[in-house]
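The file data-v9.pdb comes next; it holds PDB, C-alpha atoms and all ligand atoms.
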MODEL        1
ATOM      1  CA  MET A   1      38.601 221.694 147.171
ATOM      2  CA  ALA A   2      40.969 223.502 149.552
ATOM      3  CA  THR A   3      44.232 221.890 150.607
ATOM      4  CA  TYR A   4      44.267 220.744 154.211
ATOM      5  CA  LYS A   5      47.393 220.267 156.295
ATOM      6  CA  ILE A   6      47.368 217.026 158.266
ATOM      7  CA  ALA A   7      49.765 216.117 161.072
ATOM      8  CA  VAL A   8      50.552 212.399 161.151
ATOM      9  CA  LEU A   9      51.447 210.989 164.584
ATOM     10  CA  VAL A  10      52.958 207.507 164.675
ATOM     11  CA  GLY A  11      52.849 205.520 167.911
ATOM     12  CA  SER A  12      56.093 203.597 167.333
ATOM     13  CA  LEU A  13      59.721 204.677 167.545
ATOM     14  CA  ARG A  14      61.050 201.414 166.115
ATOM     15  CA  LYS A  15      63.357 201.791 163.118
ATOM     16  CA  GLU A  16      61.540 199.125 161.097
ATOM     17  CA  SER A  17      58.100 200.086 162.406
ATOM     18  CA  TYR A  18      55.193 198.770 160.332
ATOM     19  CA  ASN A  19      53.187 201.759 161.506
ATOM     20  CA  MET A  20      55.806 204.174 160.238
ATOM     21  CA  LYS A  21      55.866 202.294 156.940
ATOM     22  CA  MET A  22      52.088 202.600 156.774
ATOM     23  CA  ALA A  23      52.258 206.317 157.615
ATOM     24  CA  LYS A  24      54.732 206.824 154.776
ATOM     25  CA  ALA A  25      52.491 204.858 152.418
ATOM     26  CA  LEU A  26      49.539 207.062 153.401
ATOM     27  CA  VAL A  27      51.483 210.183 152.460
ATOM     28  CA  GLY A  28      51.577 208.743 148.932
ATOM     29  CA  LEU A  29      47.982 207.465 148.892
ATOM     30  CA  ALA A  30      46.361 210.695 150.116
ATOM     31  CA  PRO A  31      44.411 212.770 147.576
ATOM     32  CA  PRO A  32      46.131 216.005 146.459
ATOM     33  CA  SER A  33      43.846 218.056 148.712
ATOM     34  CA  LEU A  34      45.492 216.557 151.820
ATOM     35  CA  SER A  35      49.059 217.514 152.621
ATOM     36  CA  LEU A  36      50.458 215.064 155.179
ATOM     37  CA  GLN A  37      53.454 215.655 157.424
ATOM     38  CA  ILE A  38      54.812 213.045 159.830
ATOM     39  CA  ILE A  39      55.636 214.700 163.146
ATOM     40  CA  ASN A  40      58.367 213.306 165.397
ATOM     41  CA  ILE A  41      56.975 212.641 168.877
ATOM     42  CA  GLY A  42      59.913 210.588 170.149
ATOM     43  CA  GLU A  43      61.808 213.509 171.679
ATOM     44  CA  LEU A  44      58.983 214.913 173.806
ATOM     45  CA  PRO A  45      59.855 214.784 177.515
ATOM     46  CA  LEU A  46      57.338 212.788 179.538
ATOM     47  CA  TYR A  47      54.434 214.920 180.637
ATOM     48  CA  ASN A  48      54.883 216.471 184.059
ATOM     49  CA  GLU A  49      52.593 219.326 185.038
ATOM     50  CA  ASP A  50      55.390 220.957 187.070
ATOM     51  CA  LEU A  51      57.132 221.759 183.781
ATOM     52  CA  GLU A  52      54.311 224.076 182.659
ATOM     53  CA  THR A  53      56.153 226.930 184.393
ATOM     54  CA  SER A  54      59.432 226.241 182.547
ATOM     55  CA  LEU A  55      58.386 224.626 179.296
ATOM     56  CA  PRO A  56      60.734 222.131 177.650
ATOM     57  CA  ASP A  57      61.614 223.444 174.180
ATOM     58  CA  GLN A  58      60.324 220.247 172.584
ATOM     59  CA  TRP A  59      56.862 220.777 174.110
ATOM     60  CA  LYS A  60      56.793 224.395 172.932
ATOM     61  CA  VAL A  61      57.790 223.486 169.378
ATOM     62  CA  PHE A  62      55.333 220.579 169.265
ATOM     63  CA  ARG A  63      52.395 222.664 170.501
ATOM     64  CA  GLU A  64      53.139 225.444 168.021
ATOM     65  CA  GLN A  65      53.607 222.954 165.214
ATOM     66  CA  ILE A  66      50.290 221.187 165.797
ATOM     67  CA  GLN A  67      48.425 224.514 165.959
ATOM     68  CA  GLY A  68      49.337 225.005 162.297
ATOM     69  CA  PHE A  69      47.514 221.871 161.094
ATOM     70  CA  ASP A  70      43.903 221.448 160.031
ATOM     71  CA  GLY A  71      43.619 217.832 161.148
ATOM     72  CA  VAL A  72      45.459 214.904 162.634
ATOM     73  CA  LEU A  73      45.944 211.304 161.549
ATOM     74  CA  PHE A  74      47.035 208.732 164.143
ATOM     75  CA  VAL A  75      48.827 205.588 162.991
ATOM     76  CA  THR A  76      49.531 203.316 165.904
ATOM     77  CA  PRO A  77      50.501 199.875 167.102
ATOM     78  CA  GLU A  78      48.810 198.244 170.056
ATOM     79  CA  TYR A  79      50.801 197.758 173.242
ATOM     80  CA  ASN A  80      49.174 195.472 175.775
ATOM     81  CA  ARG A  81      45.779 196.137 174.225
ATOM     82  CA  SER A  82      46.203 199.893 174.551
ATOM     83  CA  VAL A  83      47.932 202.988 173.145
ATOM     84  CA  PRO A  84      51.764 203.049 173.271
ATOM     85  CA  ALA A  85      53.052 205.461 175.913
ATOM     86  CA  VAL A  86      54.872 207.612 173.361
ATOM     87  CA  LEU A  87      51.621 208.451 171.606
ATOM     88  CA  LYS A  88      49.636 208.983 174.795
ATOM     89  CA  ASN A  89      52.416 211.290 175.976
ATOM     90  CA  ALA A  90      52.131 213.374 172.800
ATOM     91  CA  ILE A  91      48.375 213.684 173.291
ATOM     92  CA  ASP A  92      48.872 214.728 176.918
ATOM     93  CA  VAL A  93      51.559 217.286 176.034
ATOM     94  CA  GLY A  94      49.309 218.819 173.358
ATOM     95  CA  SER A  95      46.294 218.908 175.648
ATOM     96  CA  ARG A  96      47.692 221.341 178.211
ATOM     97  CA  PRO A  97      47.733 223.951 179.678
ATOM     98  CA  TYR A  98      44.048 223.554 180.456
ATOM     99  CA  GLY A  99      41.907 225.475 178.009
ATOM    100  CA  LYS A 100      44.681 225.736 175.433
ATOM    101  CA  SER A 101      44.670 222.234 173.980
ATOM    102  CA  VAL A 102      46.075 222.107 170.461
ATOM    103  CA  TRP A 103      43.699 219.273 169.600
ATOM    104  CA  ASP A 104      40.457 221.105 170.239
ATOM    105  CA  GLY A 105      38.116 220.747 167.254
ATOM    106  CA  LYS A 106      40.691 219.340 164.823
ATOM    107  CA  PRO A 107      39.214 216.498 162.758
ATOM    108  CA  GLY A 108      41.064 213.204 163.111
ATOM    109  CA  ALA A 109      41.244 209.575 162.051
ATOM    110  CA  VAL A 110      42.864 206.456 163.470
ATOM    111  CA  VAL A 111      44.725 203.644 161.727
ATOM    112  CA  SER A 112      46.089 200.764 163.799
ATOM    113  CA  VAL A 113      48.609 198.303 162.372
ATOM    114  CA  SER A 114      49.761 195.053 163.949
ATOM    115  CA  PRO A 115      51.379 191.795 162.908
ATOM    116  CA  GLY A 116      48.576 190.192 164.931
ATOM    117  CA  SER A 117      45.221 189.207 163.485
ATOM    118  CA  ILE A 118      42.998 191.766 165.198
ATOM    119  CA  GLY A 119      44.878 194.714 163.774
ATOM    120  CA  GLY A 120      45.382 196.726 166.957
ATOM    121  CA  PHE A 121      41.649 197.041 167.634
ATOM    122  CA  GLY A 122      42.246 197.648 171.367
ATOM    123  CA  ALA A 123      44.688 200.514 170.788
ATOM    124  CA  ASN A 124      42.455 202.013 168.117
ATOM    125  CA  HIS A 125      39.524 202.215 170.498
ATOM    126  CA  HIS A 126      41.473 203.247 173.597
ATOM    127  CA  LEU A 127      42.844 206.093 171.534
ATOM    128  CA  ARG A 128      39.327 207.107 170.557
ATOM    129  CA  GLN A 129      38.464 207.398 174.264
ATOM    130  CA  SER A 130      41.109 210.135 174.686
ATOM    131  CA  LEU A 131      40.127 211.783 171.407
ATOM    132  CA  VAL A 132      36.565 212.231 172.650
ATOM    133  CA  PHE A 133      37.868 214.087 175.701
ATOM    134  CA  VAL A 134      40.292 216.337 173.786
ATOM    135  CA  ASN A 135      37.491 217.083 171.315
ATOM    136  CA  VAL A 136      38.961 215.612 168.142
ATOM    137  CA  PRO A 137      35.980 214.725 165.938
ATOM    138  CA  THR A 138      37.200 211.302 164.813
ATOM    139  CA  MET A 139      36.104 209.615 161.589
ATOM    140  CA  GLN A 140      34.002 206.563 162.362
ATOM    141  CA  GLN A 141      33.885 204.833 158.964
ATOM    142  CA  PRO A 142      35.735 203.247 157.424
ATOM    143  CA  GLU A 143      37.563 201.723 160.393
ATOM    144  CA  ALA A 144      41.185 200.682 159.789
ATOM    145  CA  TYR A 145      42.411 197.731 161.836
ATOM    146  CA  ILE A 146      45.279 196.446 159.732
ATOM    147  CA  GLY A 147      46.422 192.962 160.775
ATOM    148  CA  GLY A 148      49.074 190.646 159.382
ATOM    149  CA  ALA A 149      51.437 193.605 158.927
ATOM    150  CA  ALA A 150      54.518 191.443 158.486
ATOM    151  CA  LYS A 151      53.242 190.417 155.044
ATOM    152  CA  LEU A 152      52.179 193.816 153.750
ATOM    153  CA  PHE A 153      55.495 195.553 153.042
ATOM    154  CA  ASP A 154      58.390 194.762 150.707
ATOM    155  CA  GLU A 155      62.080 194.806 151.634
ATOM    156  CA  SER A 156      62.303 198.542 150.987
ATOM    157  CA  GLY A 157      59.387 199.184 153.341
ATOM    158  CA  ASN A 158      56.818 199.920 150.647
ATOM    159  CA  LEU A 159      53.215 198.827 151.094
ATOM    160  CA  ASN A 160      52.930 196.169 148.394
ATOM    161  CA  ASN A 161      49.670 194.424 149.230
ATOM    162  CA  GLU A 162      47.210 195.570 146.561
ATOM    163  CA  SER A 163      43.964 195.082 148.501
ATOM    164  CA  THR A 164      45.356 196.926 151.555
ATOM    165  CA  LYS A 165      46.573 199.706 149.286
ATOM    166  CA  GLU A 166      43.150 199.998 147.664
ATOM    167  CA  PHE A 167      41.445 200.010 151.077
ATOM    168  CA  MET A 168      43.802 202.655 152.479
ATOM    169  CA  LYS A 169      43.289 204.821 149.396
ATOM    170  CA  LYS A 170      39.524 204.740 150.039
ATOM    171  CA  PHE A 171      40.183 205.427 153.726
ATOM    172  CA  MET A 172      42.167 208.548 152.802
ATOM    173  CA  GLU A 173      39.449 209.707 150.401
ATOM    174  CA  ALA A 174      36.879 209.370 153.181
ATOM    175  CA  PHE A 175      39.203 211.215 155.562
ATOM    176  CA  THR A 176      39.499 214.065 153.051
ATOM    177  CA  GLN A 177      35.722 214.456 153.079
ATOM    178  CA  TRP A 178      35.725 214.228 156.873
ATOM    179  CA  VAL A 179      38.315 216.989 157.165
ATOM    180  CA  ALA A 180      36.525 219.179 154.616
ATOM    181  CA  THR A 181      33.286 218.839 156.592
ATOM    182  CA  ASN A 182      34.762 219.248 160.078
ATOM    183  CA  ALA A 183      37.789 221.540 159.706
ATOM    184  CA  LYS A 184      37.668 224.687 161.796
ATOM    185  CA  THR A 185      37.189 227.764 159.630
TER     186      THR A 185
HETATM  187  C1  LIG B   1      55.295 196.247 174.897
HETATM  188  C2  LIG B   1      54.607 195.580 173.737
HETATM  189  C3  LIG B   1      53.283 195.205 173.847
HETATM  190  C4  LIG B   1      52.614 194.653 172.750
HETATM  191  N1  LIG B   1      51.293 194.360 172.855
HETATM  192  C5  LIG B   1      50.601 194.005 171.737
HETATM  193  C6  LIG B   1      49.173 193.915 171.756
HETATM  194  O1  LIG B   1      48.522 194.116 172.756
HETATM  195  N2  LIG B   1      48.531 193.598 170.602
HETATM  196  C7  LIG B   1      49.225 193.381 169.424
HETATM  197  O2  LIG B   1      48.584 193.127 168.395
HETATM  198  N3  LIG B   1      50.580 193.441 169.389
HETATM  199  C8  LIG B   1      51.269 193.773 170.496
HETATM  200  N4  LIG B   1      52.654 193.898 170.465
HETATM  201  C9  LIG B   1      53.356 193.551 169.220
HETATM  202  C10 LIG B   1      53.360 194.742 168.259
HETATM  203  O3  LIG B   1      52.157 194.751 167.542
HETATM  204  C11 LIG B   1      54.533 194.618 167.306
HETATM  205  O4  LIG B   1      55.753 194.693 168.034
HETATM  206  C12 LIG B   1      54.486 195.674 166.230
HETATM  207  O5  LIG B   1      55.445 195.399 165.257
HETATM  208  C13 LIG B   1      54.678 197.058 166.808
HETATM  209  O6  LIG B   1      54.411 198.035 165.837
HETATM  210  P1  LIG B   1      55.562 198.676 164.954
HETATM  211  O7  LIG B   1      55.985 197.617 163.952
HETATM  212  O8  LIG B   1      54.930 199.841 164.280
HETATM  213  O9  LIG B   1      56.701 199.053 165.861
HETATM  214  C14 LIG B   1      53.330 194.432 171.541
HETATM  215  C15 LIG B   1      54.683 194.798 171.453
HETATM  216  C16 LIG B   1      55.302 195.364 172.520
HETATM  217  C17 LIG B   1      56.754 195.784 172.373
ENDMDL
END

The structure given in the file should be rewritten as structure tokens.
Ligand SMILES: Cc1cc2nc3c(=O)[nH]c(=O)nc-3n(C[C@H](O)[C@H](O)[C@H](O)COP(=O)(O)O)c2cc1C
Amino acid sequence: MATYKIAVLVGSLRKESYNMKMAKALVGLAPPSLSLQIINIGELPLYNEDLETSLPDQWKVFREQIQGFDGVLFVTPEYNRSVPAVLKNAIDVGSRPYGKSVWDGKPGAVVSVSPGSIGGFGANHHLRQSLVFVNVPTMQQPEAYIGGAAKLFDESGNLNNESTKEFMKKFMEAFTQWVATNAKT
């Protein structure tokens, strides 16, 4: 199987973010045919269409960077039952100028992680609403709503819950198949 480059976007800027810890764990759990890179979205200026005529460097770099990937994996918390602004901003920045969206046709998947019991379900599905519009074919099964996050990581930030690890490994195997089937040629 070919090797596919996957951009990983994390919807939390928090130093001790569970979502960032999960993203790092997924880098290790991914099959060899997926090469994952976590992309920093915390420095992107807030989207303002007026800036399209004098692009912020961070937008330019981000758009070019994402163009070079075969797929995209979103790992996000839930903020007020929706997608954190930092992640929505990154999607908006990548989606413009009109007709030149960097997301178009790139296969994707969503993982939501929360200390709460419903595992960020609301954010996971709100995100999917935007992904339909920006034409990211998004893996439907397995779904990954990871609750109880405070108990899943050790003091060094490693995912140390065996059943979650096993589940996420299967999730990444399914995502590999999804990318292989849906990647643009
Ligand atoms: C502004 C804000 C809104 C939040 N809303 C929700 C929510 O709707 N559902 C939920 O499960 N947790 C919510 N939380 C709690 C987050 O799940 C928790 O802070 C989590 O640790 C954030 O993810 P992170 O560890 O990756 O930073 C909220 C936290 C903040 C700061």

Residues within 7 Å of (35.6, 220.8, 161.6), file coords, only C-alpha atoms, listed as a VMD selection string:
chain A and resid 105 to 107 179 181 to 184

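Here atom CA of A:Gln67 and atom CA of A:Leu131 stand 16.1 Å from one another.
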
Atom CA of A:Glu49 to atom CA of A:Val110, straight-line distance in Å
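For atom CA of A:Val110 relative to atom CA of A:Glu49, the distance reads 26.9 Å.
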
Mind dumping a table of every chain A residue within 10 Å of ligand LIG 1 (chain B), with the nearest atom pair and its distance in Å to one decimal, using only C-alpha atoms and all ligand atoms, sorted by chain and rising number, as CSV?
residue,atom,partner,partner_atom,distance
A:Val10,CA,B:LIG1,O8,7.9
A:Gly11,CA,B:LIG1,O8,7.1
A:Ser12,CA,B:LIG1,O9,4.8
A:Leu13,CA,B:LIG1,O9,6.6
A:Arg14,CA,B:LIG1,O9,5.0
A:Lys15,CA,B:LIG1,O9,7.7
A:Glu16,CA,B:LIG1,O7,6.4
A:Ser17,CA,B:LIG1,O7,3.6
A:Tyr18,CA,B:LIG1,O7,3.9
A:Asn19,CA,B:LIG1,O8,3.8
A:Met20,CA,B:LIG1,O8,6.0
A:Lys21,CA,B:LIG1,O8,7.8
A:Met22,CA,B:LIG1,O8,8.5
A:Ala23,CA,B:LIG1,O8,9.7
A:Val75,CA,B:LIG1,O8,8.5
A:Thr76,CA,B:LIG1,O8,6.6
A:Pro77,CA,B:LIG1,O6,4.5
A:Glu78,CA,B:LIG1,C6,4.7
A:Tyr79,CA,B:LIG1,N1,3.5
A:Asn80,CA,B:LIG1,O1,3.4
A:Arg81,CA,B:LIG1,O1,3.7
A:Ser82,CA,B:LIG1,O1,6.5
A:Val83,CA,B:LIG1,O1,8.9
A:Pro84,CA,B:LIG1,C1,7.8
A:Ala85,CA,B:LIG1,C1,9.5
A:Ser112,CA,B:LIG1,O8,8.9
A:Val113,CA,B:LIG1,O6,6.8
A:Ser114,CA,B:LIG1,O3,4.3
A:Pro115,CA,B:LIG1,O3,5.6
A:Gly116,CA,B:LIG1,O2,4.5
A:Ser117,CA,B:LIG1,O2,7.1
A:Ile118,CA,B:LIG1,O2,6.6
A:Gly119,CA,B:LIG1,O2,6.1
A:Gly120,CA,B:LIG1,O2,5.0
A:Phe121,CA,B:LIG1,O2,8.0
A:Gly122,CA,B:LIG1,O1,7.3
A:Ala123,CA,B:LIG1,O1,7.7
A:Ile146,CA,B:LIG1,O2,9.8
A:Gly147,CA,B:LIG1,O2,7.9
A:Gly148,CA,B:LIG1,O2,9.4
A:Ala149,CA,B:LIG1,O5,7.7
A:Ala150,CA,B:LIG1,O5,7.9

Straight-line distance linking atom CA of A:Pro142 with atom CA of A:Arg63, stated in Å to one decimal:
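Taking atom CA of A:Pro142 as the start and atom CA of A:Arg63 as the end point, the length is 28.7 Å.
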
Grab all the atoms of stretch 107-114 of chain A that the file lists, wrap them in a box along x, y and z, add 6 Å per side, and give me centre plus edge lengths in Å (one decimal) as lines of an AutoDock Vina configuration file.
center_x = 44.5
center_y = 205.8
center_z = 162.8
size_x = 22.5
size_y = 33.4
size_z = 14.2

Using all atoms listed in the file, which residues of stretch 43-117 of chain A come within 10 Å of stretch 155-177 of chain A, and what is the closest atom pair for each, with the distance in Å to one decimal? Give it as JSON lines, sorted by chain and residue number.
{"residue": "A:Gly71", "atom": "CA", "partner": "A:Phe175", "partner_atom": "CA", "distance": 9.7}
{"residue": "A:Leu73", "atom": "CA", "partner": "A:Phe175", "partner_atom": "CA", "distance": 9.0}
{"residue": "A:Pro107", "atom": "CA", "partner": "A:Phe175", "partner_atom": "CA", "distance": 8.9}
{"residue": "A:Gly108", "atom": "CA", "partner": "A:Phe175", "partner_atom": "CA", "distance": 8.0}
{"residue": "A:Ala109", "atom": "CA", "partner": "A:Phe175", "partner_atom": "CA", "distance": 7.0}
{"residue": "A:Val110", "atom": "CA", "partner": "A:Phe175", "partner_atom": "CA", "distance": 9.9}
{"residue": "A:Val111", "atom": "CA", "partner": "A:Met168", "partner_atom": "CA", "distance": 9.3}

Residue contacts of A:Asp50 (12 Å, all atoms listed in the file) excluding same-chain residues fewer than 4 positions away, as a VMD selection string
chain A and resid 46 54 to 56 96 to 97

Of the candidates A:Glu43, A:Val102, A:Gln58, A:Ala7, which one gets nearest to A:Val27 if we count all atoms listed in the file?
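Counting all atoms listed in the file, the residue closest to A:Val27 is A:Ala7.
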
Evaluate the PyMOL selection byres (((chain A and resi 40) around 10) and not hetatm) on the structure here and hand back the selected residues as a PyMOL selection string.
chain A and resi 8-11+13+37-39+41-44+62+90
